[in-house]
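Before any comments, here is the structure.
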Amino acid sequence: MAAHYNIDVAVIGGGPAGLAAALAAKENGASVLILERDHEPGGILQQCIHTGFGLNYFAEELTGPEYAQRFINRVREAEIPILTGSMVTSLKANLSLQALNAEKGMISVQARSVILAMGCRERTRGALQIPGTRPAGIFPAGQAQRLVNLEGYSPGRRILIIGSGDIGMIMARRCKLEGMQVLAVAEILPYPAGLTRNRVQCLDDFRIPLYLSHTIIDIRGRKRVEGATIAEVDIHQQLIPGTEKNFDCDTILFSVGLIPENEISQKAGCILSYNGGPEVNEMLETSIPGIFACGNVLQVHDLVDWVTLEAERAGANAARYAQEEDKPVRSDRPIRVRPGGNIGYIVPERIDFPDPERDIQFSYRVRVPGNKVMSEILTGGRVLFSQLHQFSLPSEMIIINARVDPAELDNDTVLVNVVPSDSDEEHEDMV
């Protein structure tokens with residue numbers, strides 16, 4: 001048993017990015033198919049039952065399921081088919097893909113463009129190389145969130161949370177509300193890794209201790225977690241002897257970062273960027289013509305509202321690509337975009353269709369927080385564009401819109417920096 005689809009735009013992933021991208025593609029005249037591996041669309045939002053979503057996009061405060069349902073309703077009204085329970089197993093550069101479905105069997109799709117919207121996954125204990133035993137009671141924070149909010153299970157009674165990512169802080173509050181005792185949150189950085197509002201609403205308001213510049217050094221227990229030890233680290237993240245703190249806990253939740261879900265992207269041949277997401281141009285098109293990317297598979301966002309807006313751009317661009325008889329020809333010498341001082345990564349990484357009359361949206365995160373900083377686009381040490389920010393945090397994405405005129409460039413590379421606005425030092429030319 002097999003099914004075959006011939007479609008303009010195939011969207012891999014039915015979460016917030018995939019739903020918004022599919023709607024934008026349909027609104028731009030393309031035929032669209034969504035493939036979602038879960039049994040229902042909505043993605044991670046279905047387990048995010050707290051409020052705080054939609055403030056920018058809808059000017060309303062919604063829960064995650066409410067935000068997702070608005071797009072699910074719009075997709076159904078637009079009569080866009082969603083194949084749930086469909087795991088994409090391969091994607092090729094000729095824009096053909098295969099998926100497995102329990103009812104339909106093998107599904108093959110020939111698309112004219114493809115949108116990658118698979119989201120991200122959590123880093124696990126194994127990625128941190130933490131010493132100690134390997135008992136039950138250790139969970140990624142997102143998995144614990146699903147257990148509590150969707151499946152009705154309690155992960156434990158006495159909780160220690162490692163990492164102050166947004167999911168970790170939100171789960172600290174959730175566990176507290178469900179009657180669990182949250183002993184502490186430990187963060188290796190000297191500042192919280194998540195949004196300030198989550199620190200205030202989820203930790204401060206519930207009097208949950210936050211230990212900054214602390215990391216876990218030992219886990220005790222054989223069958224089940226019986227305790228753990230954290231210790232303070234210096235500015236080089238080296239342990240400071242004599243700062244150990246012991247906790248009598250039966251559960252440890254890890255909230256230590258998210259990784260773009262890019263096995264499919266990599267197998268298709270997409271070049272990956274610094275952050276593990278696919279490298280894209282200003283159209284959100286990957287290194288393979290006709291394959292676009294958006295949402296957390298491209299870069300981990302702090303707000304789902306930004307995911308939606310990015311996905312709408314990807315959907316519109318994918319629809320235009322699918323329907324164009326003469327495909328746009330990329331420049332033989334694209335303009336490379338490099339992350340400079342205090343920037344971990346940047347999107348896009350290249351400009352394939354430079355146009356001095358069109359704004360390009362750049363998004364990135366700083367490595368360390370700062371007040372009154374300046375985003376700068378440079379070529380050969382000369383500043384082409386600058387924008388002031390009153391503050392910058394690693395937990396909050398910076399988005400700027402700027403024009404890059406090829407006639408003004410010293411070479412085929414531009415550098416994006418974030419520097420103190422009152423700095424009189426010469427700009428370091430990393431190009």
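Residue names in the structure tokens use chain letters A, B, ... in the order shown, residue numbers from 1 in each chain, and ligand numbers from 1 in the order shown.
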Practice prompt. Tell me which protein, DNA and RNA residues are within 8 Å of Phe71 in chain A, counting only C-alpha atoms, leaving out same-chain ones fewer than 2 positions away, and put them as a list in words.
Written response: Pro16, Leu19, Ala20, Tyr67, Ala68, Gln69, Asn73, Arg74 and Val75 of chain A
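Within 9 Å of range 360-364 of chain A there are Glu282, Met283, Gln299, Pro339, Ile343, Gly344, Tyr345, Ile346, Val347, Pro348, Ile351, Glu396, Met397, Ile398, Ile399, Ile400, Asn401, Ala402, Arg403 and Val404 of chain A, counting only C-alpha atoms and ignoring same-chain residues fewer than 4 positions away.
Take CA of Ile235 in chain A and CA of Asn371 in chain A: the distance between them is 19.8 Å.
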Fill in: Sel. of strand (DSSP E or B) residues, range 50-242 of chain A, as a PyMOL selection string
chain A and resi 51-53+62-63+82-83+86-91+96-101+105-116+120-122+136+138-140+158-162+181-187+210-212+214-220+224+227-233+239
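Nearest to Ile138 in chain A of all the residues A:Asn296, A:Ser255, A:Ser421, A:Gln110 is A:Ser255, based on only C-alpha atoms.
Listed by chain and then by rising number, the residues of range 214-419 of chain A that DSSP assigns to alpha helix (DSSP H) from the backbone are A:Glu263, A:Ile264, A:Ser265, A:Gln266, A:Lys267, A:Ala268, A:Val304, A:Asp305, A:Trp306, A:Val307, A:Thr308, A:Leu309, A:Glu310, A:Ala311, A:Glu312, A:Arg313, A:Ala314, A:Gly315, A:Ala316, A:Asn317, A:Ala318, A:Ala319, A:Arg320, A:Tyr321, A:Ala322, A:Gln323.
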Just the selected residues (N, CA, C and O atoms), exported as a compact mmCIF listing (two decimals), in the first residue's frame, please.
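Produced file result_27.txt, reproduced below:
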```txt
# COMPACT_ATOMS: atom_id res chain seq x y z
N GLU A 263 18.41 16.25 11.07
CA GLU A 263 18.88 15.03 10.40
C GLU A 263 18.39 14.99 8.95
O GLU A 263 19.15 14.64 8.04
N ILE A 264 17.13 15.36 8.73
CA ILE A 264 16.59 15.34 7.37
C ILE A 264 17.31 16.37 6.50
O ILE A 264 17.66 16.10 5.35
N SER A 265 17.52 17.55 7.05
CA SER A 265 18.22 18.61 6.31
C SER A 265 19.60 18.13 5.89
O SER A 265 20.03 18.33 4.74
N GLN A 266 20.31 17.52 6.82
CA GLN A 266 21.68 17.08 6.55
C GLN A 266 21.71 15.97 5.51
O GLN A 266 22.55 15.97 4.60
N LYS A 267 20.79 15.01 5.61
CA LYS A 267 20.74 13.91 4.64
C LYS A 267 20.41 14.41 3.25
O LYS A 267 20.85 13.84 2.25
N ALA A 268 19.62 15.50 3.18
CA ALA A 268 19.29 16.07 1.88
C ALA A 268 20.48 16.78 1.25
O ALA A 268 20.47 17.06 0.05
N VAL A 304 7.12 32.52 20.07
CA VAL A 304 6.47 31.85 18.95
C VAL A 304 5.95 32.87 17.94
O VAL A 304 5.80 32.56 16.75
N ASP A 305 5.71 34.10 18.38
CA ASP A 305 5.27 35.14 17.45
C ASP A 305 6.32 35.36 16.35
O ASP A 305 5.99 35.56 15.18
N TRP A 306 7.62 35.34 16.74
CA TRP A 306 8.68 35.51 15.74
C TRP A 306 8.77 34.28 14.84
O TRP A 306 9.08 34.41 13.65
N VAL A 307 8.48 33.11 15.39
CA VAL A 307 8.42 31.89 14.56
C VAL A 307 7.39 32.06 13.46
O VAL A 307 7.63 31.77 12.28
N THR A 308 6.22 32.55 13.83
CA THR A 308 5.12 32.72 12.86
C THR A 308 5.51 33.69 11.76
O THR A 308 5.30 33.41 10.57
N LEU A 309 6.05 34.83 12.13
CA LEU A 309 6.40 35.84 11.12
C LEU A 309 7.50 35.33 10.18
O LEU A 309 7.44 35.56 8.97
N GLU A 310 8.48 34.63 10.73
CA GLU A 310 9.53 34.05 9.90
C GLU A 310 8.97 33.00 8.96
O GLU A 310 9.33 32.93 7.78
N ALA A 311 8.05 32.17 9.48
CA ALA A 311 7.45 31.11 8.67
C ALA A 311 6.60 31.69 7.54
O ALA A 311 6.56 31.13 6.44
N GLU A 312 5.94 32.79 7.79
CA GLU A 312 5.15 33.42 6.73
C GLU A 312 6.04 33.89 5.59
O GLU A 312 5.66 33.77 4.41
N ARG A 313 7.22 34.40 5.91
CA ARG A 313 8.17 34.78 4.86
C ARG A 313 8.61 33.56 4.07
O ARG A 313 8.66 33.59 2.82
N ALA A 314 8.94 32.47 4.77
CA ALA A 314 9.40 31.26 4.10
C ALA A 314 8.30 30.69 3.21
O ALA A 314 8.56 30.26 2.08
N GLY A 315 7.05 30.70 3.71
CA GLY A 315 5.94 30.17 2.93
C GLY A 315 5.69 30.95 1.65
O GLY A 315 5.47 30.38 0.58
N ALA A 316 5.72 32.28 1.75
CA ALA A 316 5.51 33.12 0.57
C ALA A 316 6.63 32.92 -0.45
O ALA A 316 6.38 32.81 -1.66
N ASN A 317 7.88 32.86 0.02
CA ASN A 317 9.01 32.67 -0.89
C ASN A 317 8.98 31.29 -1.54
O ASN A 317 9.29 31.14 -2.73
N ALA A 318 8.61 30.25 -0.78
CA ALA A 318 8.53 28.90 -1.34
C ALA A 318 7.42 28.81 -2.39
O ALA A 318 7.59 28.13 -3.42
N ALA A 319 6.30 29.48 -2.16
CA ALA A 319 5.20 29.47 -3.13
C ALA A 319 5.63 30.14 -4.43
O ALA A 319 5.33 29.64 -5.53
N ARG A 320 6.32 31.27 -4.32
CA ARG A 320 6.78 31.96 -5.53
C ARG A 320 7.77 31.09 -6.30
O ARG A 320 7.70 30.99 -7.53
N TYR A 321 8.69 30.46 -5.57
CA TYR A 321 9.66 29.58 -6.23
C TYR A 321 8.97 28.44 -6.97
O TYR A 321 9.31 28.11 -8.10
N ALA A 322 7.98 27.83 -6.32
CA ALA A 322 7.30 26.68 -6.91
C ALA A 322 6.55 27.04 -8.19
O ALA A 322 6.42 26.21 -9.09
N GLN A 323 6.09 28.27 -8.28
CA GLN A 323 5.24 28.66 -9.41
C GLN A 323 5.99 29.41 -10.51
O GLN A 323 5.43 29.68 -11.56
```
Worksheet entry | Distance query Gly340 in chain A at most 6 Å, only C-alpha atoms, self and fewer than 4 positions along chain excluded, as a ChimeraX atom specification | /A:415-417
Worksheet entry | Residue with smallest distance to Val280 in chain A - pool A:Gly194, A:Thr215, A:Leu160, A:Ile115, counting only C-alpha atoms | A:Ile115
Item to complete: Would you list the contacts of Thr51 in chain A as an MDAnalysis selection string, taking every protein, DNA or RNA residue within 9 Å and counting only C-alpha atoms, but skipping same-chain residues closer than 3 positions in sequence?
Response: chainID A and resid 48 54 61:64
Item to complete: Could you give me, as a PyMOL selection string, the residues within 7 Å of range 165-178 of chain A, counting only C-alpha atoms and dropping anything in the same chain fewer than 3 positions from it?
Response: chain A and resi 141-142+145+161+181-182+193-195+198-199+202-203+255-257
